[in-house]
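Structure, as structure tokens:
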Amino acid sequence: MKTLQQWLDWCEHLHPVAIDMGLERVKAVAERMNLRFDCPVITVAGTNGKGSTCAMLEAVLLQAGYRTGVYTSPHLVHFEERCRLHGESASAEMFADAFAAVEAVRGDVSLTYFEFSTLAIFHLMAQAQLDVAILEVGMGGRLDAVNIMDADCTIITSIDIDHAAILGNDRETIGREKAGVMRPGRPVIVSDPVAPQSVMDHATAIGAQLWLFGRDFNYAGDKQQWAWAGRDRRYSGLAYPALRGANQLINASGVLAALESLRQRIPVTAQAVRNGLAMVELAGRFQIVPGQPVLVLDVAHNPHSVAALAVNLDAMGFYPTTHAVFGAMADKDLLPMFQRINPLVDRWYFTDLPLPRAAKATDLQQVWQGQNTRTDTASSVHADPMHALSAAIEAADPADRIVVFGSFHTVGGVLKDGIPRLQAKHLSP
């Protein structure tokens with residue numbers, strides 16, 4: 001294998017199943033590679049808000065002058081998005097060399113695509129002379145490959161039901177899995193305002209330093225600015241984070257608590273906090289693209305994140321017609337997602353996605369029709385996200401809005417050639 005794409009194609013067929021939870025195999029290869037980080041490690045787990053939390057951490061720490069490494073998944077368009085070193089995505093060539101380094105010592109250990117790529121990214125980060133490493137958990141926590149690294153600080157974002165077949169079908173069980181990334185004696189920041197009891201119980205059982213939203217840190221805000229208070233630090237008159245949506249203040253609050261908990265090792269100034277939060281960027285998180293019609297991109301793909309999307313859409317004001325492009329994996333809990341957002345959507349464009357786990361557009365349409373009680377809506381099915389978006393543009397007036405949401409593959413599918421700037425023809429007489 002020479003190129004990154006060749007390595008990725010090969011990795012997809014290396015292990016008999018795509019998801020195989022457990023740390024034994026990945027740990028064995030990591031030990032052979034002598035993988036370790038000589039800097040503080042912040043691990044971010046949770047159901048929703050992980051990517052935003054990592055992006056805000058990175059932005060603030062870069063503003064403070066630190067050399068950061070970030071591992072995040074999945075990617076929207078290019079695999080290289082999964083590893084950022086000093087604020088820039090690692091190159092395909094660097095990735096190819098890192099995959100080769102894993103293969104050189106793997107021997108007869110079978111690894112999944114996620115495990116193989118996690119080890120490659122850890123290899124890149126370990127060589128990059130970092131001041132701080134930020135690691136986003138892929139799924140769950142306790143048995144996720146990311147958990148082979150001991151975190152100096154853990155952030156657990158909002159917890160809700162997702163990947164139920166693997167993690168459990170209630171918040172307490174899922175919380176127990178997420179809590180597995182905690183380490184004894186080290187801070188764990190729980191930014192979920194209503195955290196499952198299992199998370200707090202595990203922190204107590206292992207002797208982690210528990211920071212709870214509402215008890216150890218909190219925020220307040222008005223329409224112009226917001227303020228944050230932790231155990232010993234306060235920030236007032238903060239501009240709202242550049243990432244939009246009401247839920248981002250909860251994510252930002254967890255970030256500031258984590259930075260306070262690590263202030264002896266990686267101190268940051270108030271100015272770095274202000275600049276970092278004001279400049280943070282992350283595609284596909286309630287991303288509003290100006291145009292005619294306006295375009296909204298959001299990777300909301302479970303009931304909790306779709307509820308947040310609905311609140312954020314509602315706050316945007318009036319649009320004559322809202323068009324929604326939607327594609328999702330077959331294992332998602334679709335019914336509550338449709339029930340929550342259906343009142344806000346007038347025309348649906350369901351799309352197939354290019355992977356076996358995805359729900360067919362016709363199946364999505366069928367579930368939607370089963371709960372739809374509105375007589376003023378319409379729907380259609382499409383072969384891929386770009387065809388669905390094109391159909392929405394064709395049907396839209398300039399004053400409308402188009403929302404593309406669901407799987408990362410749905411949003412990534414409309415971003416593959418760059419951010420679309422919409423210019424619909426005027427359909428009014």
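By convention here, the chains of the structure tokens are called A, B, ... in the order presented, each chain's residues are numbered starting at 1, and ligands are numbered starting at 1 in the order presented.
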
(Q) For the structure I just gave you, how does DSSP split stretch 182-408 of chain A - specifically, which residues are strand (DSSP E)? Reply as a PyMOL selection string. (A) chain A and resi 187-190+209-212+218-221+226-229+234-238+287-289+294-298+322-327+347-351+378-382+401-406

Please tabulate, as a tab-separated table, the residues of stretch 71-174 of chain A that come within 8 Å of stretch 8-18 of chain A, each with its closest pair of atoms and the distance in Å to one decimal, counting only C-alpha atoms and ordering rows by chain, then residue number upward.
```
residue	atom	partner	partner_atom	distance
A:Ser110	CA	A:His15	CA	5.7
A:Leu111	CA	A:His15	CA	5.7
A:Thr112	CA	A:His15	CA	5.2
A:Tyr113	CA	A:Cys11	CA	5.0
A:Phe116	CA	A:Cys11	CA	7.2
```

Just write the chosen residues, N, CA and C atoms, as a PDB file, in the first residue's frame.
```pdb
ATOM      1  N   SER A 110      -5.811  -8.951  14.485  1.00  0.00           N
ATOM      2  CA  SER A 110      -6.816  -8.409  13.570  1.00  0.00           C
ATOM      3  C   SER A 110      -7.409  -7.132  14.166  1.00  0.00           C
ATOM      4  N   LEU A 111      -7.449  -6.066  13.374  1.00  0.00           N
ATOM      5  CA  LEU A 111      -7.952  -4.774  13.848  1.00  0.00           C
ATOM      6  C   LEU A 111      -9.086  -4.290  12.957  1.00  0.00           C
ATOM      7  N   THR A 112     -10.079  -3.623  13.566  1.00  0.00           N
ATOM      8  CA  THR A 112     -11.121  -2.988  12.762  1.00  0.00           C
ATOM      9  C   THR A 112     -10.553  -1.726  12.102  1.00  0.00           C
ATOM     10  N   TYR A 113     -11.297  -1.216  11.146  1.00  0.00           N
ATOM     11  CA  TYR A 113     -10.953   0.050  10.465  1.00  0.00           C
ATOM     12  C   TYR A 113     -10.732   1.150  11.499  1.00  0.00           C
ATOM     13  N   PHE A 116      -7.491   0.411  13.670  1.00  0.00           N
ATOM     14  CA  PHE A 116      -6.269   0.609  12.880  1.00  0.00           C
ATOM     15  C   PHE A 116      -6.002   2.111  12.700  1.00  0.00           C
TER      16      PHE A 116
END
```

Q.
Report as a PyMOL selection string all protein, DNA and RNA residues lying within 12 Å of stretch 371-374 of chain A, evaluated on only C-alpha atoms, omitting residues in the same chain fewer than 4 positions from it.
A. chain A and resi 334-348+364-367+378-379

Each residue of stretch 18-110 of chain A lying at most 7 Å from stretch 139-152 of chain A should get a row with its shortest atom-to-atom pair and the distance in Å to one decimal, counting only C-alpha atoms; could you produce that, ordered by chain and increasing number, as a tab-separated table?
```
residue	atom	partner	partner_atom	distance
A:Met21	CA	A:Leu143	CA	5.5
A:Gly22	CA	A:Leu143	CA	4.7
A:Leu23	CA	A:Leu143	CA	5.9
A:Val26	CA	A:Ala145	CA	6.6
A:Lys27	CA	A:Ile148	CA	6.3
A:Pro40	CA	A:Asp152	CA	5.8
A:Val41	CA	A:Ala151	CA	5.0
A:Ile42	CA	A:Ala151	CA	5.6
A:Thr43	CA	A:Ala151	CA	5.7
A:Ala45	CA	A:Gly141	CA	6.4
```

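Proximity of A:Asp363, A:Asp331, A:Glu31, A:Asp201 to A:Arg176, computed with only C-alpha atoms, is greatest for A:Asp201.
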
Q: Determine which residues of stretch 45-246 of chain A DSSP labels as alpha helix (DSSP H) from the backbone of this structure, then write them out as a ChimeraX atom specification.
A: /A:50-63,92-106,113-126,164-167,171-178,197-206

Q. Hey, what's within 12 Å of A:Lys416 if we count only C-alpha atoms and toss same-chain stuff fewer than 6 positions away? As number ranges by chain, please?
A. A: 75-79, 384-386, 408-410

Any chance you can output those residues with C-alpha atoms as a tab-separated table (two decimals), in the first residue's frame?
```
chain	number	residue	atom	x	y	z
A	75	HIS	CA	-15.01	12.90	9.09
A	76	LEU	CA	-17.38	14.87	6.87
A	77	VAL	CA	-15.56	14.84	3.52
A	78	HIS	CA	-11.88	13.87	3.81
A	79	PHE	CA	-10.40	11.25	6.14
A	384	ASP	CA	-27.66	10.70	-3.04
A	385	PRO	CA	-27.45	13.93	-1.00
A	386	MET	CA	-26.44	16.15	-3.96
A	408	PHE	CA	-22.26	12.76	8.66
A	409	HIS	CA	-22.53	11.14	5.20
A	410	THR	CA	-25.61	13.27	4.43
```

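Counting only C-alpha atoms, the residue from A:Val132, A:Leu4, A:Met125, A:Val414 that sits nearest to A:Ala100 is A:Leu4.
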
Which residues, written as a PDB file with all heavy atoms, in the first residue's frame, have at least one atom at most 12 Å from A:Ala315, with only C-alpha atoms counted and residues fewer than 4 positions away on the same chain left out?
```pdb
ATOM      1  N   ARG A 244     -22.879  28.135  16.417  1.00  0.00           N
ATOM      2  CA  ARG A 244     -24.219  28.615  16.729  1.00  0.00           C
ATOM      3  C   ARG A 244     -25.034  27.562  17.478  1.00  0.00           C
ATOM      4  O   ARG A 244     -24.732  26.383  17.432  1.00  0.00           O
ATOM      5  CB  ARG A 244     -24.970  28.978  15.438  1.00  0.00           C
ATOM      6  CG  ARG A 244     -24.289  30.042  14.599  1.00  0.00           C
ATOM      7  CD  ARG A 244     -24.963  30.123  13.245  1.00  0.00           C
ATOM      8  NE  ARG A 244     -24.255  30.974  12.308  1.00  0.00           N
ATOM      9  CZ  ARG A 244     -24.679  32.173  11.927  1.00  0.00           C
ATOM     10  NH1 ARG A 244     -25.789  32.666  12.426  1.00  0.00           N
ATOM     11  NH2 ARG A 244     -23.999  32.868  11.056  1.00  0.00           N
ATOM     12  N   GLY A 245     -26.108  28.043  18.096  1.00  0.00           N
ATOM     13  CA  GLY A 245     -27.048  27.138  18.759  1.00  0.00           C
ATOM     14  C   GLY A 245     -26.988  27.258  20.266  1.00  0.00           C
ATOM     15  O   GLY A 245     -25.925  27.419  20.853  1.00  0.00           O
ATOM     16  N   ALA A 246     -28.172  27.160  20.900  1.00  0.00           N
ATOM     17  CA  ALA A 246     -28.259  27.334  22.351  1.00  0.00           C
ATOM     18  C   ALA A 246     -27.420  26.298  23.096  1.00  0.00           C
ATOM     19  O   ALA A 246     -26.839  26.587  24.149  1.00  0.00           O
ATOM     20  CB  ALA A 246     -29.726  27.242  22.783  1.00  0.00           C
ATOM     21  N   PHE A 286     -24.973  23.085  13.180  1.00  0.00           N
ATOM     22  CA  PHE A 286     -25.880  24.208  12.946  1.00  0.00           C
ATOM     23  C   PHE A 286     -25.151  25.302  12.163  1.00  0.00           C
ATOM     24  O   PHE A 286     -25.087  26.455  12.565  1.00  0.00           O
ATOM     25  CB  PHE A 286     -26.470  24.736  14.257  1.00  0.00           C
ATOM     26  CG  PHE A 286     -27.694  25.598  14.044  1.00  0.00           C
ATOM     27  CD1 PHE A 286     -28.795  25.084  13.399  1.00  0.00           C
ATOM     28  CD2 PHE A 286     -27.719  26.916  14.456  1.00  0.00           C
ATOM     29  CE1 PHE A 286     -29.909  25.868  13.155  1.00  0.00           C
ATOM     30  CE2 PHE A 286     -28.834  27.708  14.230  1.00  0.00           C
ATOM     31  CZ  PHE A 286     -29.933  27.189  13.584  1.00  0.00           C
ATOM     32  N   ALA A 308     -32.461  19.525  19.590  1.00  0.00           N
ATOM     33  CA  ALA A 308     -31.676  20.768  19.649  1.00  0.00           C
ATOM     34  C   ALA A 308     -31.741  21.510  18.319  1.00  0.00           C
ATOM     35  O   ALA A 308     -31.877  22.738  18.282  1.00  0.00           O
ATOM     36  CB  ALA A 308     -30.233  20.460  20.030  1.00  0.00           C
ATOM     37  N   LEU A 309     -31.662  20.763  17.211  1.00  0.00           N
ATOM     38  CA  LEU A 309     -31.767  21.381  15.890  1.00  0.00           C
ATOM     39  C   LEU A 309     -33.120  22.067  15.726  1.00  0.00           C
ATOM     40  O   LEU A 309     -33.201  23.194  15.208  1.00  0.00           O
ATOM     41  CB  LEU A 309     -31.561  20.327  14.804  1.00  0.00           C
ATOM     42  CG  LEU A 309     -31.845  20.761  13.363  1.00  0.00           C
ATOM     43  CD1 LEU A 309     -30.939  21.914  12.940  1.00  0.00           C
ATOM     44  CD2 LEU A 309     -31.693  19.579  12.399  1.00  0.00           C
ATOM     45  N   ALA A 310     -34.193  21.407  16.176  1.00  0.00           N
ATOM     46  CA  ALA A 310     -35.530  21.987  16.059  1.00  0.00           C
ATOM     47  C   ALA A 310     -35.629  23.306  16.821  1.00  0.00           C
ATOM     48  O   ALA A 310     -36.201  24.293  16.335  1.00  0.00           O
ATOM     49  CB  ALA A 310     -36.577  20.988  16.565  1.00  0.00           C
ATOM     50  N   VAL A 311     -35.066  23.350  18.027  1.00  0.00           N
ATOM     51  CA  VAL A 311     -35.062  24.594  18.821  1.00  0.00           C
ATOM     52  C   VAL A 311     -34.309  25.691  18.075  1.00  0.00           C
ATOM     53  O   VAL A 311     -34.764  26.845  17.989  1.00  0.00           O
ATOM     54  CB  VAL A 311     -34.428  24.342  20.210  1.00  0.00           C
ATOM     55  CG1 VAL A 311     -34.176  25.661  20.945  1.00  0.00           C
ATOM     56  CG2 VAL A 311     -35.323  23.432  21.048  1.00  0.00           C
ATOM     57  N   TYR A 319     -39.715  31.578   7.820  1.00  0.00           N
ATOM     58  CA  TYR A 319     -39.386  31.278   6.423  1.00  0.00           C
ATOM     59  C   TYR A 319     -40.648  30.711   5.773  1.00  0.00           C
ATOM     60  O   TYR A 319     -41.316  29.862   6.384  1.00  0.00           O
ATOM     61  CB  TYR A 319     -38.244  30.265   6.321  1.00  0.00           C
ATOM     62  CG  TYR A 319     -36.926  30.829   6.773  1.00  0.00           C
ATOM     63  CD1 TYR A 319     -36.581  30.841   8.119  1.00  0.00           C
ATOM     64  CD2 TYR A 319     -36.042  31.383   5.857  1.00  0.00           C
ATOM     65  CE1 TYR A 319     -35.384  31.399   8.546  1.00  0.00           C
ATOM     66  CE2 TYR A 319     -34.832  31.933   6.265  1.00  0.00           C
ATOM     67  CZ  TYR A 319     -34.506  31.934   7.605  1.00  0.00           C
ATOM     68  OH  TYR A 319     -33.328  32.488   8.022  1.00  0.00           O
ATOM     69  N   LEU A 344     -41.807  21.663  11.674  1.00  0.00           N
ATOM     70  CA  LEU A 344     -41.006  22.754  11.112  1.00  0.00           C
ATOM     71  C   LEU A 344     -40.661  22.556   9.638  1.00  0.00           C
ATOM     72  O   LEU A 344     -40.122  23.457   9.006  1.00  0.00           O
ATOM     73  CB  LEU A 344     -39.700  22.899  11.904  1.00  0.00           C
ATOM     74  CG  LEU A 344     -39.832  23.315  13.364  1.00  0.00           C
ATOM     75  CD1 LEU A 344     -38.517  23.113  14.089  1.00  0.00           C
ATOM     76  CD2 LEU A 344     -40.266  24.774  13.465  1.00  0.00           C
TER      77      LEU A 344
END
```

Q: Extract, using only C-alpha atoms, all DNA, RNA and protein residues at most 12 Å from A:Gly214, discarding same-chain residues fewer than 5 positions from it, and format them as a list in words.
A: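 Once the nearby chain positions are removed, what remains is Ile189, Val190, Ser191, Asp192, Pro193, Val194, Ala195, Tyr219, Ala220, Trp228, Ala229, Gly230, Arg231, Ile250, Ser253, Gly254 and Ala257 of chain A.
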
Q: Name the residues in contact with A:Ala278 at a cut-off of 12 Å, using only C-alpha atoms, excluding same-chain residues fewer than 5 positions from it; report them as a ChimeraX atom specification.
A: /A:55-56,59-60,63,225,238-244,252,271-273

Q: In Å, rounded to a single decimal, give me how far atom CA of A:Lys425 is from atom CA of A:Leu389.
A: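 Going from atom CA of A:Leu389 over to atom CA of A:Lys425, I get 14.4 Å.
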